[in-house]
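**Student:** Just one file: work-v3.cif, with mmCIF, N, CA and C atoms.
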```
data_structure
loop_
_atom_site.label_atom_id
_atom_site.label_comp_id
_atom_site.auth_asym_id
_atom_site.auth_seq_id
_atom_site.Cartn_x
_atom_site.Cartn_y
_atom_site.Cartn_z
N MET X 1 52.09 252.07 89.32
CA MET X 1 50.95 251.25 89.06
C MET X 1 49.72 252.16 88.98
N ILE X 2 48.90 251.95 87.96
CA ILE X 2 47.72 252.78 87.78
C ILE X 2 46.48 251.90 87.90
N ASP X 3 45.60 252.30 88.78
CA ASP X 3 44.29 251.66 88.91
C ASP X 3 43.27 252.77 88.74
N PHE X 4 42.99 253.10 87.49
CA PHE X 4 42.23 254.30 87.15
C PHE X 4 40.87 254.36 87.81
N ALA X 5 40.08 253.31 87.71
CA ALA X 5 38.70 253.37 88.19
C ALA X 5 38.50 252.56 89.47
N GLY X 6 39.57 252.21 90.15
CA GLY X 6 39.44 251.44 91.38
C GLY X 6 39.08 249.99 91.17
N SER X 7 39.33 249.47 89.98
CA SER X 7 38.87 248.11 89.68
C SER X 7 39.66 247.06 90.44
N GLY X 8 40.90 247.34 90.77
CA GLY X 8 41.68 246.36 91.53
C GLY X 8 41.05 246.09 92.88
N VAL X 9 40.66 247.14 93.57
CA VAL X 9 40.03 247.00 94.89
C VAL X 9 38.68 246.33 94.76
N VAL X 10 37.87 246.78 93.80
CA VAL X 10 36.52 246.25 93.62
C VAL X 10 36.56 244.77 93.26
N HIS X 11 37.39 244.40 92.29
CA HIS X 11 37.39 243.02 91.84
C HIS X 11 38.14 242.08 92.78
N MET X 12 39.11 242.60 93.51
CA MET X 12 39.78 241.77 94.52
C MET X 12 38.82 241.47 95.66
N ALA X 13 38.05 242.46 96.09
CA ALA X 13 37.07 242.24 97.15
C ALA X 13 35.98 241.27 96.68
N GLY X 14 35.50 241.46 95.46
CA GLY X 14 34.47 240.57 94.92
C GLY X 14 34.97 239.16 94.73
N GLY X 15 36.19 239.02 94.22
CA GLY X 15 36.78 237.70 94.02
C GLY X 15 37.02 236.96 95.33
N ALA X 16 37.52 237.67 96.33
CA ALA X 16 37.76 237.05 97.63
C ALA X 16 36.44 236.62 98.27
N THR X 17 35.43 237.47 98.15
CA THR X 17 34.11 237.14 98.69
C THR X 17 33.53 235.91 97.99
N ALA X 18 33.65 235.87 96.66
CA ALA X 18 33.15 234.72 95.90
C ALA X 18 33.90 233.45 96.27
N LEU X 19 35.20 233.54 96.48
CA LEU X 19 35.99 232.37 96.87
C LEU X 19 35.53 231.81 98.20
N PHE X 20 35.35 232.69 99.18
CA PHE X 20 34.89 232.24 100.49
C PHE X 20 33.47 231.69 100.43
N ALA X 21 32.60 232.33 99.66
CA ALA X 21 31.22 231.85 99.52
C ALA X 21 31.19 230.48 98.85
N ALA X 22 32.02 230.29 97.82
CA ALA X 22 32.07 228.99 97.14
C ALA X 22 32.60 227.91 98.08
N LYS X 23 33.56 228.24 98.90
CA LYS X 23 34.11 227.28 99.86
C LYS X 23 33.06 226.90 100.91
N ILE X 24 32.31 227.88 101.37
CA ILE X 24 31.29 227.62 102.39
C ILE X 24 30.12 226.83 101.80
N LEU X 25 29.65 227.23 100.62
CA LEU X 25 28.48 226.59 100.01
C LEU X 25 28.79 225.22 99.41
N GLY X 26 30.01 225.04 98.93
CA GLY X 26 30.39 223.77 98.32
C GLY X 26 29.92 223.67 96.88
N PRO X 27 30.16 222.49 96.25
CA PRO X 27 29.79 222.33 94.85
C PRO X 27 28.27 222.30 94.67
N ARG X 28 27.83 222.60 93.45
CA ARG X 28 26.40 222.57 93.14
C ARG X 28 25.87 221.15 93.31
N ILE X 29 24.70 221.07 93.87
CA ILE X 29 24.05 219.77 94.05
C ILE X 29 23.68 219.22 92.68
N GLY X 30 24.10 218.00 92.38
CA GLY X 30 23.79 217.37 91.11
C GLY X 30 24.78 217.66 90.01
N ARG X 31 25.76 218.50 90.25
CA ARG X 31 26.73 218.81 89.19
C ARG X 31 27.90 217.84 89.20
N PHE X 32 28.48 217.61 90.35
CA PHE X 32 29.66 216.75 90.46
C PHE X 32 29.37 215.43 91.17
N TYR X 33 28.29 215.39 91.97
CA TYR X 33 27.93 214.19 92.73
C TYR X 33 26.45 213.88 92.50
N ASP X 34 26.11 212.59 92.53
CA ASP X 34 24.71 212.22 92.37
C ASP X 34 23.97 212.39 93.69
N ALA X 35 22.69 211.98 93.73
CA ALA X 35 21.86 212.16 94.93
C ALA X 35 22.39 211.38 96.12
N GLU X 36 23.13 210.30 95.88
CA GLU X 36 23.68 209.49 96.96
C GLU X 36 25.06 209.95 97.41
N GLY X 37 25.59 210.98 96.78
CA GLY X 37 26.89 211.52 97.15
C GLY X 37 28.06 210.90 96.43
N LYS X 38 27.79 210.05 95.43
CA LYS X 38 28.86 209.43 94.66
C LYS X 38 29.28 210.36 93.53
N GLU X 39 30.58 210.40 93.31
CA GLU X 39 31.11 211.29 92.28
C GLU X 39 30.68 210.84 90.88
N LEU X 40 30.22 211.80 90.08
CA LEU X 40 29.84 211.50 88.70
C LEU X 40 31.08 211.35 87.83
N PRO X 41 31.06 210.49 86.81
CA PRO X 41 32.23 210.33 85.95
C PRO X 41 32.56 211.60 85.17
N GLU X 42 31.54 212.36 84.85
CA GLU X 42 31.71 213.62 84.13
C GLU X 42 30.73 214.64 84.72
N PRO X 43 31.17 215.88 84.95
CA PRO X 43 30.25 216.87 85.53
C PRO X 43 29.01 217.07 84.66
N ALA X 44 27.87 217.20 85.32
CA ALA X 44 26.61 217.44 84.60
C ALA X 44 26.61 218.86 84.04
N SER X 45 26.03 219.00 82.87
CA SER X 45 25.97 220.31 82.23
C SER X 45 24.75 221.08 82.72
N PHE X 46 24.93 222.36 82.98
CA PHE X 46 23.83 223.23 83.34
C PHE X 46 23.62 224.23 82.22
N PRO X 47 22.60 224.04 81.39
CA PRO X 47 22.36 224.99 80.31
C PRO X 47 21.91 226.34 80.88
N PRO X 48 22.12 227.41 80.13
CA PRO X 48 21.69 228.73 80.61
C PRO X 48 20.17 228.76 80.79
N HIS X 49 19.71 229.49 81.78
CA HIS X 49 18.28 229.54 82.06
C HIS X 49 17.54 230.40 81.05
N SER X 50 18.11 231.55 80.71
CA SER X 50 17.44 232.45 79.78
C SER X 50 18.49 233.27 79.04
N VAL X 51 18.78 232.87 77.83
CA VAL X 51 19.77 233.59 77.04
C VAL X 51 19.32 235.03 76.73
N PRO X 52 18.03 235.27 76.42
CA PRO X 52 17.62 236.66 76.21
C PRO X 52 17.83 237.55 77.44
N LEU X 53 17.57 237.02 78.63
CA LEU X 53 17.83 237.81 79.84
C LEU X 53 19.32 238.04 80.04
N GLN X 54 20.13 237.05 79.71
CA GLN X 54 21.57 237.22 79.80
C GLN X 54 22.04 238.29 78.82
N ALA X 55 21.46 238.30 77.63
CA ALA X 55 21.82 239.31 76.63
C ALA X 55 21.43 240.72 77.10
N ILE X 56 20.25 240.84 77.68
CA ILE X 56 19.81 242.15 78.19
C ILE X 56 20.73 242.61 79.32
N GLY X 57 21.06 241.70 80.23
CA GLY X 57 21.96 242.05 81.33
C GLY X 57 23.34 242.44 80.85
N THR X 58 23.85 241.72 79.86
CA THR X 58 25.15 242.06 79.28
C THR X 58 25.09 243.43 78.63
N PHE X 59 24.04 243.69 77.89
CA PHE X 59 23.90 244.99 77.23
C PHE X 59 23.82 246.13 78.25
N ILE X 60 23.08 245.93 79.33
CA ILE X 60 22.98 246.97 80.36
C ILE X 60 24.34 247.23 81.00
N LEU X 61 25.07 246.16 81.33
CA LEU X 61 26.40 246.33 81.91
C LEU X 61 27.36 246.99 80.92
N TRP X 62 27.29 246.57 79.66
CA TRP X 62 28.16 247.11 78.62
C TRP X 62 27.94 248.61 78.48
N VAL X 63 26.69 249.05 78.41
CA VAL X 63 26.39 250.48 78.30
C VAL X 63 26.81 251.21 79.57
N GLY X 64 26.60 250.57 80.72
CA GLY X 64 26.99 251.20 81.98
C GLY X 64 28.48 251.44 82.09
N TRP X 65 29.27 250.57 81.48
CA TRP X 65 30.73 250.73 81.51
C TRP X 65 31.14 251.99 80.75
N TYR X 66 30.35 252.38 79.75
CA TYR X 66 30.67 253.61 79.01
C TYR X 66 30.48 254.85 79.86
N GLU X 67 29.65 254.78 80.87
CA GLU X 67 29.53 255.90 81.80
C GLU X 67 30.55 255.79 82.92
N PHE X 68 30.84 254.56 83.33
CA PHE X 68 31.73 254.36 84.47
C PHE X 68 33.18 254.72 84.15
N ASN X 69 33.74 254.14 83.09
CA ASN X 69 35.16 254.38 82.81
C ASN X 69 35.46 255.84 82.48
N PRO X 70 34.79 256.46 81.51
CA PRO X 70 35.07 257.89 81.27
C PRO X 70 34.66 258.77 82.44
N GLY X 71 33.62 258.36 83.15
CA GLY X 71 33.16 259.14 84.30
C GLY X 71 34.14 259.14 85.45
N SER X 72 35.06 258.20 85.46
CA SER X 72 36.07 258.16 86.52
C SER X 72 37.08 259.29 86.41
N THR X 73 37.05 260.06 85.32
CA THR X 73 37.89 261.25 85.24
C THR X 73 37.38 262.33 86.17
N LEU X 74 36.12 262.21 86.59
CA LEU X 74 35.46 263.12 87.53
C LEU X 74 35.29 264.53 86.97
N GLY X 75 35.33 264.65 85.67
CA GLY X 75 35.08 265.95 85.03
C GLY X 75 35.81 266.04 83.71
N ILE X 76 35.31 266.91 82.83
CA ILE X 76 36.00 267.09 81.56
C ILE X 76 36.25 268.56 81.25
N SER X 77 35.99 269.43 82.23
CA SER X 77 36.19 270.85 81.98
C SER X 77 37.65 271.28 82.11
N THR X 78 38.41 270.59 82.93
CA THR X 78 39.83 270.92 83.11
C THR X 78 40.61 270.46 81.88
N SER X 79 41.64 271.21 81.56
CA SER X 79 42.46 270.90 80.39
C SER X 79 43.03 269.48 80.47
N GLY X 80 42.82 268.71 79.41
CA GLY X 80 43.35 267.36 79.34
C GLY X 80 42.39 266.29 79.81
N TYR X 81 41.41 266.64 80.63
CA TYR X 81 40.47 265.63 81.13
C TYR X 81 39.58 265.08 80.03
N ALA X 82 39.21 265.93 79.09
CA ALA X 82 38.37 265.47 77.98
C ALA X 82 39.12 264.44 77.14
N ASP X 83 40.42 264.65 76.96
CA ASP X 83 41.23 263.68 76.21
C ASP X 83 41.30 262.34 76.94
N VAL X 84 41.42 262.39 78.26
CA VAL X 84 41.47 261.16 79.05
C VAL X 84 40.12 260.44 78.98
N ALA X 85 39.03 261.18 79.08
CA ALA X 85 37.69 260.58 78.99
C ALA X 85 37.48 259.96 77.61
N ALA X 86 37.93 260.63 76.57
CA ALA X 86 37.79 260.08 75.22
C ALA X 86 38.62 258.81 75.05
N LEU X 87 39.84 258.81 75.58
CA LEU X 87 40.68 257.62 75.52
C LEU X 87 40.03 256.46 76.29
N CYS X 88 39.45 256.76 77.44
CA CYS X 88 38.76 255.72 78.22
C CYS X 88 37.60 255.13 77.44
N THR X 89 36.85 255.96 76.76
CA THR X 89 35.72 255.47 75.96
C THR X 89 36.21 254.59 74.82
N LEU X 90 37.24 255.05 74.13
CA LEU X 90 37.76 254.28 73.00
C LEU X 90 38.34 252.94 73.43
N THR X 91 39.16 252.95 74.46
CA THR X 91 39.77 251.69 74.90
C THR X 91 38.72 250.73 75.47
N THR X 92 37.70 251.28 76.12
CA THR X 92 36.62 250.43 76.62
C THR X 92 35.90 249.77 75.45
N ASN X 93 35.60 250.53 74.42
CA ASN X 93 34.91 249.99 73.25
C ASN X 93 35.76 248.93 72.54
N LEU X 94 37.02 249.22 72.34
CA LEU X 94 37.89 248.26 71.66
C LEU X 94 38.08 246.98 72.48
N ALA X 95 38.19 247.13 73.79
CA ALA X 95 38.39 245.96 74.64
C ALA X 95 37.18 245.04 74.64
N ASP X 96 35.99 245.61 74.82
CA ASP X 96 34.83 244.71 74.89
C ASP X 96 34.53 244.08 73.53
N ALA X 97 34.73 244.80 72.46
CA ALA X 97 34.53 244.20 71.13
C ALA X 97 35.56 243.10 70.88
N SER X 98 36.82 243.36 71.22
CA SER X 98 37.87 242.35 71.03
C SER X 98 37.63 241.12 71.90
N GLY X 99 37.25 241.34 73.15
CA GLY X 99 36.99 240.23 74.05
C GLY X 99 35.82 239.39 73.60
N SER X 100 34.79 240.05 73.11
CA SER X 100 33.60 239.34 72.64
C SER X 100 33.92 238.44 71.44
N VAL X 101 34.57 239.02 70.45
CA VAL X 101 34.91 238.26 69.24
C VAL X 101 35.94 237.17 69.54
N SER X 102 36.94 237.49 70.35
CA SER X 102 37.97 236.50 70.69
C SER X 102 37.39 235.31 71.43
N ALA X 103 36.52 235.56 72.40
CA ALA X 103 35.93 234.45 73.15
C ALA X 103 35.05 233.59 72.25
N MET X 104 34.28 234.22 71.38
CA MET X 104 33.39 233.46 70.51
C MET X 104 34.19 232.57 69.55
N PHE X 105 35.23 233.14 68.92
CA PHE X 105 36.00 232.35 67.97
C PHE X 105 36.87 231.29 68.67
N THR X 106 37.40 231.61 69.84
CA THR X 106 38.16 230.62 70.58
C THR X 106 37.27 229.44 70.96
N ASP X 107 36.07 229.74 71.44
CA ASP X 107 35.14 228.68 71.79
C ASP X 107 34.74 227.86 70.56
N SER X 108 34.53 228.52 69.44
CA SER X 108 34.14 227.78 68.23
C SER X 108 35.29 226.90 67.72
N LEU X 109 36.53 227.37 67.85
CA LEU X 109 37.67 226.54 67.44
C LEU X 109 37.85 225.33 68.36
N VAL X 110 37.68 225.54 69.65
CA VAL X 110 37.79 224.43 70.60
C VAL X 110 36.68 223.42 70.34
N GLU X 111 35.47 223.91 70.11
CA GLU X 111 34.34 223.02 69.84
C GLU X 111 34.54 222.25 68.53
N ARG X 112 35.08 222.93 67.54
CA ARG X 112 35.32 222.25 66.25
C ARG X 112 36.37 221.15 66.42
N ARG X 113 37.39 221.44 67.19
CA ARG X 113 38.43 220.44 67.41
C ARG X 113 37.90 219.25 68.21
N ARG X 114 37.00 219.54 69.15
CA ARG X 114 36.45 218.50 70.01
C ARG X 114 35.41 217.64 69.31
N THR X 115 34.51 218.28 68.54
CA THR X 115 33.39 217.55 67.96
C THR X 115 33.43 217.45 66.44
N GLY X 116 34.24 218.27 65.80
CA GLY X 116 34.28 218.28 64.34
C GLY X 116 33.27 219.23 63.72
N GLU X 117 32.45 219.89 64.53
CA GLU X 117 31.46 220.84 64.05
C GLU X 117 31.79 222.23 64.57
N THR X 118 31.56 223.23 63.72
CA THR X 118 31.76 224.62 64.14
C THR X 118 30.44 225.19 64.61
N MET X 119 30.43 225.67 65.85
CA MET X 119 29.24 226.30 66.41
C MET X 119 29.65 227.63 67.02
N TYR X 120 28.79 228.63 66.88
CA TYR X 120 29.03 229.94 67.47
C TYR X 120 28.08 230.13 68.63
N ASP X 121 28.64 230.28 69.81
CA ASP X 121 27.86 230.35 71.04
C ASP X 121 27.77 231.80 71.51
N ILE X 122 26.57 232.37 71.48
CA ILE X 122 26.39 233.76 71.86
C ILE X 122 26.68 233.98 73.34
N THR X 123 26.49 232.94 74.17
CA THR X 123 26.78 233.12 75.60
C THR X 123 28.28 233.30 75.84
N MET X 124 29.10 232.62 75.06
CA MET X 124 30.55 232.83 75.17
C MET X 124 30.92 234.23 74.70
N CYS X 125 30.24 234.71 73.70
CA CYS X 125 30.46 236.07 73.19
C CYS X 125 30.18 237.09 74.31
N MET X 126 29.09 236.89 75.02
CA MET X 126 28.74 237.81 76.11
C MET X 126 29.74 237.70 77.27
N ASN X 127 30.15 236.47 77.61
CA ASN X 127 31.13 236.29 78.67
C ASN X 127 32.46 236.95 78.31
N GLY X 128 32.86 236.84 77.05
CA GLY X 128 34.09 237.49 76.61
C GLY X 128 34.02 239.00 76.70
N ALA X 129 32.87 239.56 76.35
CA ALA X 129 32.70 241.01 76.44
C ALA X 129 32.80 241.48 77.89
N LEU X 130 32.13 240.79 78.80
CA LEU X 130 32.18 241.19 80.21
C LEU X 130 33.57 240.99 80.81
N SER X 131 34.24 239.92 80.42
CA SER X 131 35.61 239.71 80.91
C SER X 131 36.55 240.81 80.44
N ALA X 132 36.39 241.20 79.19
CA ALA X 132 37.24 242.27 78.66
C ALA X 132 36.93 243.61 79.33
N LEU X 133 35.68 243.85 79.64
CA LEU X 133 35.33 245.09 80.33
C LEU X 133 35.97 245.15 81.71
N VAL X 134 35.94 244.03 82.42
CA VAL X 134 36.59 243.97 83.73
C VAL X 134 38.10 244.18 83.56
N GLY X 135 38.67 243.56 82.54
CA GLY X 135 40.11 243.64 82.34
C GLY X 135 40.61 245.02 81.95
N ILE X 136 39.82 245.80 81.24
CA ILE X 136 40.29 247.10 80.76
C ILE X 136 40.04 248.23 81.76
N THR X 137 39.20 248.00 82.75
CA THR X 137 38.79 249.09 83.64
C THR X 137 39.96 249.76 84.33
N ALA X 138 40.90 249.00 84.86
CA ALA X 138 42.01 249.61 85.61
C ALA X 138 42.92 250.44 84.73
N GLY X 139 43.16 250.00 83.50
CA GLY X 139 44.13 250.70 82.66
C GLY X 139 43.53 251.46 81.50
N CYS X 140 42.23 251.71 81.53
CA CYS X 140 41.59 252.33 80.37
C CYS X 140 42.11 253.73 80.07
N SER X 141 42.70 254.39 81.03
CA SER X 141 43.20 255.75 80.79
C SER X 141 44.61 255.79 80.23
N VAL X 142 45.30 254.65 80.21
CA VAL X 142 46.68 254.65 79.75
C VAL X 142 46.95 253.68 78.61
N VAL X 143 46.04 252.74 78.35
CA VAL X 143 46.23 251.79 77.25
C VAL X 143 46.02 252.51 75.93
N LYS X 144 46.95 252.36 75.03
CA LYS X 144 46.85 253.00 73.73
C LYS X 144 45.95 252.18 72.81
N PRO X 145 45.18 252.81 71.94
CA PRO X 145 44.25 252.10 71.07
C PRO X 145 44.92 251.04 70.18
N TRP X 146 46.15 251.25 69.76
CA TRP X 146 46.80 250.27 68.89
C TRP X 146 47.16 249.00 69.65
N ALA X 147 47.09 249.01 70.98
CA ALA X 147 47.45 247.83 71.77
C ALA X 147 46.38 246.75 71.75
N HIS X 148 45.21 247.07 71.23
CA HIS X 148 44.14 246.07 71.16
C HIS X 148 44.33 245.28 69.92
#
```
Please express the file's structure as C-alpha coordinates.
**Tutor:**
Amino acid sequence: MIDFAGSGVVHMAGGATALFAAKILGPRIGRFYDAEGKELPEPASFPPHSVPLQAIGTFILWVGWYEFNPGSTLGISTSGYADVAALCTLTTNLADASGSVSAMFTDSLVERRRTGETMYDITMCMNGALSALVGITAGCSVVKPWAH
(Lines of atoms letter the chains of each structure in order from A and count residues from 1; the text may use other names and numbers.)
(Lines give C-alpha, C1' and ligand atoms only; values in the text may rest on other atoms or scores of the structure.)
Protein backbone atom coordinates (compact mmCIF):
# COMPACT_ATOMS: atom_id res chain seq x y z
CA MET A 1 0.00 0.00 0.00
CA ILE A 2 1.38 3.40 -0.96
CA ASP A 3 0.40 6.61 0.77
CA PHE A 4 2.84 8.94 -0.96
CA ALA A 5 2.04 12.27 0.68
CA GLY A 6 0.48 11.05 3.92
CA SER A 7 -3.02 11.81 2.71
CA GLY A 8 -4.56 8.75 4.31
CA VAL A 9 -3.54 9.90 7.78
CA VAL A 10 -4.43 13.55 7.13
CA HIS A 11 -7.84 12.90 5.60
CA MET A 12 -8.78 10.13 8.03
CA ALA A 13 -8.02 12.44 10.96
CA GLY A 14 -9.91 15.32 9.32
CA GLY A 15 -12.88 13.12 8.43
CA ALA A 16 -13.12 11.62 11.91
CA THR A 17 -12.91 15.08 13.47
CA ALA A 18 -15.62 16.40 11.13
CA LEU A 19 -17.85 13.42 11.93
CA PHE A 20 -17.57 13.98 15.67
CA ALA A 21 -18.06 17.75 15.28
CA ALA A 22 -21.17 17.22 13.14
CA LYS A 23 -22.57 14.78 15.71
CA ILE A 24 -21.94 17.22 18.56
CA LEU A 25 -23.23 20.32 16.75
CA GLY A 26 -26.22 18.63 15.12
CA PRO A 27 -28.04 19.71 11.95
CA ARG A 28 -27.98 23.30 10.73
CA ILE A 29 -30.66 25.46 12.28
CA GLY A 30 -33.38 26.11 9.70
CA ARG A 31 -32.16 23.50 7.22
CA PHE A 32 -34.08 20.39 8.28
CA TYR A 33 -36.36 21.74 11.04
CA ASP A 34 -38.35 24.95 11.37
CA ALA A 35 -38.12 27.40 14.30
CA GLU A 36 -40.55 25.28 16.33
CA GLY A 37 -38.52 22.10 15.83
CA LYS A 38 -40.88 20.48 13.33
CA GLU A 39 -39.30 18.62 10.46
CA LEU A 40 -39.49 20.39 7.10
CA PRO A 41 -40.97 18.40 4.18
CA GLU A 42 -37.89 19.22 2.10
CA PRO A 43 -34.51 20.51 3.33
CA ALA A 44 -34.04 24.25 2.87
CA SER A 45 -31.45 25.27 0.32
CA PHE A 46 -28.41 27.27 1.40
CA PRO A 47 -27.00 29.18 -1.56
CA PRO A 48 -23.25 29.86 -1.58
CA HIS A 49 -22.27 33.03 0.24
CA SER A 50 -19.64 34.23 -2.20
CA VAL A 51 -18.81 32.33 -5.36
CA PRO A 52 -15.85 34.62 -6.21
CA LEU A 53 -14.30 33.91 -2.80
CA GLN A 54 -14.90 30.20 -3.32
CA ALA A 55 -13.18 30.44 -6.69
CA ILE A 56 -10.18 32.25 -5.18
CA GLY A 57 -9.93 29.66 -2.40
CA THR A 58 -10.16 26.81 -4.87
CA PHE A 59 -7.47 28.38 -7.04
CA ILE A 60 -5.16 28.86 -4.04
CA LEU A 61 -5.62 25.24 -2.94
CA TRP A 62 -5.23 23.99 -6.52
CA VAL A 63 -1.91 25.83 -6.95
CA GLY A 64 -0.78 24.72 -3.50
CA TRP A 65 -1.31 21.08 -4.45
CA TYR A 66 1.27 21.53 -7.22
CA GLU A 67 3.87 22.30 -4.56
CA PHE A 68 2.63 19.71 -2.08
CA ASN A 69 2.45 16.56 -4.21
CA PRO A 70 5.76 16.92 -6.10
CA GLY A 71 7.35 18.39 -2.99
CA SER A 72 6.62 15.18 -1.11
CA THR A 73 9.54 13.60 -2.98
CA LEU A 74 11.67 15.71 -0.59
CA GLY A 75 14.20 16.48 -3.30
CA ILE A 76 14.94 16.08 -6.97
CA SER A 77 18.73 15.89 -7.00
CA THR A 78 18.91 12.13 -6.43
CA SER A 79 18.58 9.91 -9.48
CA GLY A 80 14.94 9.13 -10.24
CA TYR A 81 13.43 11.70 -7.88
CA ALA A 82 12.92 14.23 -10.66
CA ASP A 83 10.94 11.63 -12.61
CA VAL A 84 8.75 10.95 -9.57
CA ALA A 85 8.18 14.69 -9.02
CA ALA A 86 7.27 15.13 -12.69
CA LEU A 87 4.84 12.19 -12.54
CA CYS A 88 3.27 13.67 -9.39
CA THR A 89 2.77 17.01 -11.15
CA LEU A 90 1.25 15.39 -14.23
CA THR A 91 -1.12 13.10 -12.36
CA THR A 92 -2.16 15.95 -10.07
CA ASN A 93 -2.98 18.12 -13.09
CA LEU A 94 -4.88 15.37 -14.89
CA ALA A 95 -6.84 14.42 -11.77
CA ASP A 96 -8.04 17.89 -10.89
CA ALA A 97 -8.97 18.72 -14.48
CA SER A 98 -10.82 15.41 -14.85
CA GLY A 99 -12.59 15.81 -11.52
CA SER A 100 -13.63 19.35 -12.32
CA VAL A 101 -15.08 18.54 -15.74
CA SER A 102 -16.67 15.27 -14.55
CA ALA A 103 -18.43 16.92 -11.61
CA MET A 104 -19.71 19.79 -13.74
CA PHE A 105 -21.10 17.55 -16.48
CA THR A 106 -22.54 15.02 -14.04
CA ASP A 107 -24.32 17.81 -12.19
CA SER A 108 -25.61 19.30 -15.46
CA LEU A 109 -26.93 15.90 -16.60
CA VAL A 110 -28.68 15.30 -13.28
CA GLU A 111 -30.15 18.80 -13.38
CA ARG A 112 -31.32 18.34 -16.95
CA ARG A 113 -33.01 15.07 -16.07
CA ARG A 114 -34.64 16.63 -13.00
CA THR A 115 -35.80 19.94 -14.48
CA GLY A 116 -35.48 19.59 -18.24
CA GLU A 117 -32.96 22.45 -18.41
CA THR A 118 -29.20 22.20 -18.79
CA MET A 119 -27.27 24.39 -16.37
CA TYR A 120 -23.53 24.49 -15.71
CA ASP A 121 -22.73 25.15 -12.07
CA ILE A 122 -19.24 26.53 -11.42
CA THR A 123 -19.46 25.60 -7.74
CA MET A 124 -19.81 21.93 -8.67
CA CYS A 125 -16.81 22.34 -10.96
CA MET A 126 -14.74 23.64 -8.04
CA ASN A 127 -15.98 20.89 -5.70
CA GLY A 128 -15.02 18.28 -8.29
CA ALA A 129 -11.54 19.73 -8.64
CA LEU A 130 -10.94 19.70 -4.88
CA SER A 131 -12.34 16.18 -4.51
CA ALA A 132 -10.05 14.94 -7.25
CA LEU A 133 -7.05 16.62 -5.64
CA VAL A 134 -7.79 14.87 -2.36
CA GLY A 135 -8.28 11.58 -4.20
CA ILE A 136 -5.02 11.67 -6.16
CA THR A 137 -2.73 12.78 -3.34
CA ALA A 138 -1.99 9.32 -1.92
CA GLY A 139 -1.25 7.66 -5.25
CA CYS A 140 0.13 10.52 -7.32
CA SER A 141 3.57 8.92 -7.51
CA VAL A 142 2.35 5.60 -8.92
CA VAL A 143 -0.77 6.37 -10.99
CA LYS A 144 0.03 6.28 -14.68
CA PRO A 145 -1.15 9.22 -16.82
CA TRP A 146 -3.21 6.98 -19.12
CA ALA A 147 -5.32 5.89 -16.12
CA HIS A 148 -7.13 9.23 -16.04
**Student:** Written as a list of chain:residue names, which residues does the PyMOL selection byres (((chain X and resi 129 and name CA) around 10) and name CA) give for the file shown?
**Tutor:**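 Selected by the PyMOL selection byres (((chain X and resi 129 and name CA) around 10) and name CA) in this file: X:Thr58, X:Phe59, X:Leu61, X:Trp62, X:Asn93, X:Ala95, X:Asp96, X:Ala97, X:Ser98, X:Gly99, X:Ser100, X:Val101, X:Ser102, X:Ala103, X:Met104, X:Thr123, X:Met124, X:Cys125, X:Met126, X:Asn127, X:Gly128, X:Leu130, X:Ser131, X:Ala132, X:Leu133, X:Val134, X:Gly135.
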**Student:** Given the PyMOL selection byres (((chain X and resi 66-81 and name CA) around 9) and name CA) and the file above, list the residues it selects as a PyMOL selection string.
**Tutor:** chain X and resi 4-6+61-65+82-89+92-93+137-138+140-141
**Student:** Enter the distance from atom C of Gly57 (chain X) to atom N of Ile136 (chain X), in Å, rounded to one decimal.
**Tutor:**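 So the answer is 16.8 Å.
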**Student:** Report, in Å to a single decimal, how far apart CA of Leu25 (chain X) and CA of Leu40 (chain X) are.
**Tutor:**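 Taking CA of Leu40 (chain X) as the start and CA of Leu25 (chain X) as the end point, the length is 18.9 Å.
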**Student:** Write out as a ChimeraX atom specification all residues of chain X that backbone DSSP assigns to alpha helix (DSSP H).
**Tutor:** /X:7-25,51-71,81-115,122-137
**Student:** Report as a PyMOL selection string all protein, DNA and RNA residues lying within 12 Å of Pro27 (chain X), evaluated on only C-alpha atoms, omitting residues in the same chain fewer than 4 positions from it.
**Tutor:** chain X and resi 19+21-23+31-34+37+39+43-44
**Student:** To one decimal place in Å, what is the distance between atom C of Ser45 (chain X) and CA of Gly15 (chain X)?
**Tutor:**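 Between these atoms lies a distance of 23.4 Å.
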**Student:** Please, can region 100-109 of chain X be completed to all heavy atoms and returned as a short mmCIF file (atom, residue, chain, number, x, y, z; two decimals), keeping the file's coordinate frame?
**Tutor:**
```cif
data_model
loop_
_atom_site.label_atom_id
_atom_site.label_comp_id
_atom_site.auth_asym_id
_atom_site.auth_seq_id
_atom_site.Cartn_x
_atom_site.Cartn_y
_atom_site.Cartn_z
N SER X 100 34.79 240.05 73.11
CA SER X 100 33.60 239.34 72.64
C SER X 100 33.92 238.44 71.44
O SER X 100 33.60 237.25 71.43
CB SER X 100 32.53 240.36 72.26
OG SER X 100 31.39 239.74 71.80
N VAL X 101 34.57 239.02 70.45
CA VAL X 101 34.91 238.26 69.24
C VAL X 101 35.94 237.17 69.54
O VAL X 101 35.81 236.04 69.07
CB VAL X 101 35.41 239.22 68.14
CG1 VAL X 101 35.96 238.47 66.96
CG2 VAL X 101 34.28 240.14 67.70
N SER X 102 36.94 237.49 70.35
CA SER X 102 37.97 236.50 70.69
C SER X 102 37.39 235.31 71.43
O SER X 102 37.74 234.15 71.13
CB SER X 102 39.06 237.14 71.55
OG SER X 102 39.71 238.17 70.85
N ALA X 103 36.52 235.56 72.40
CA ALA X 103 35.93 234.45 73.15
C ALA X 103 35.05 233.59 72.25
O ALA X 103 35.08 232.36 72.34
CB ALA X 103 35.10 234.99 74.32
N MET X 104 34.28 234.22 71.38
CA MET X 104 33.39 233.46 70.51
C MET X 104 34.19 232.57 69.55
O MET X 104 33.90 231.40 69.39
CB MET X 104 32.48 234.39 69.71
CG MET X 104 31.49 233.64 68.86
SD MET X 104 30.39 234.70 67.93
CE MET X 104 31.52 235.54 66.85
N PHE X 105 35.23 233.14 68.92
CA PHE X 105 36.00 232.35 67.97
C PHE X 105 36.87 231.29 68.67
O PHE X 105 37.04 230.19 68.15
CB PHE X 105 36.85 233.24 67.06
CG PHE X 105 36.03 233.87 65.98
CD1 PHE X 105 35.94 235.24 65.88
CD2 PHE X 105 35.33 233.10 65.07
CE1 PHE X 105 35.18 235.83 64.88
CE2 PHE X 105 34.56 233.67 64.07
CZ PHE X 105 34.49 235.05 63.98
N THR X 106 37.40 231.61 69.84
CA THR X 106 38.16 230.62 70.58
C THR X 106 37.27 229.44 70.96
O THR X 106 37.65 228.27 70.78
CB THR X 106 38.79 231.23 71.84
OG1 THR X 106 39.64 232.31 71.46
CG2 THR X 106 39.58 230.20 72.62
N ASP X 107 36.07 229.74 71.44
CA ASP X 107 35.14 228.68 71.79
C ASP X 107 34.74 227.86 70.56
O ASP X 107 34.66 226.64 70.63
CB ASP X 107 33.89 229.26 72.45
CG ASP X 107 32.90 228.19 72.83
OD1 ASP X 107 33.25 227.32 73.66
OD2 ASP X 107 31.77 228.21 72.30
N SER X 108 34.53 228.52 69.44
CA SER X 108 34.14 227.78 68.23
C SER X 108 35.29 226.90 67.72
O SER X 108 35.05 225.79 67.25
CB SER X 108 33.66 228.73 67.13
OG SER X 108 34.71 229.53 66.67
N LEU X 109 36.53 227.37 67.85
CA LEU X 109 37.67 226.54 67.44
C LEU X 109 37.85 225.33 68.36
O LEU X 109 38.12 224.22 67.88
CB LEU X 109 38.94 227.38 67.42
CG LEU X 109 39.04 228.42 66.31
CD1 LEU X 109 40.28 229.29 66.50
CD2 LEU X 109 39.07 227.75 64.96
#
```
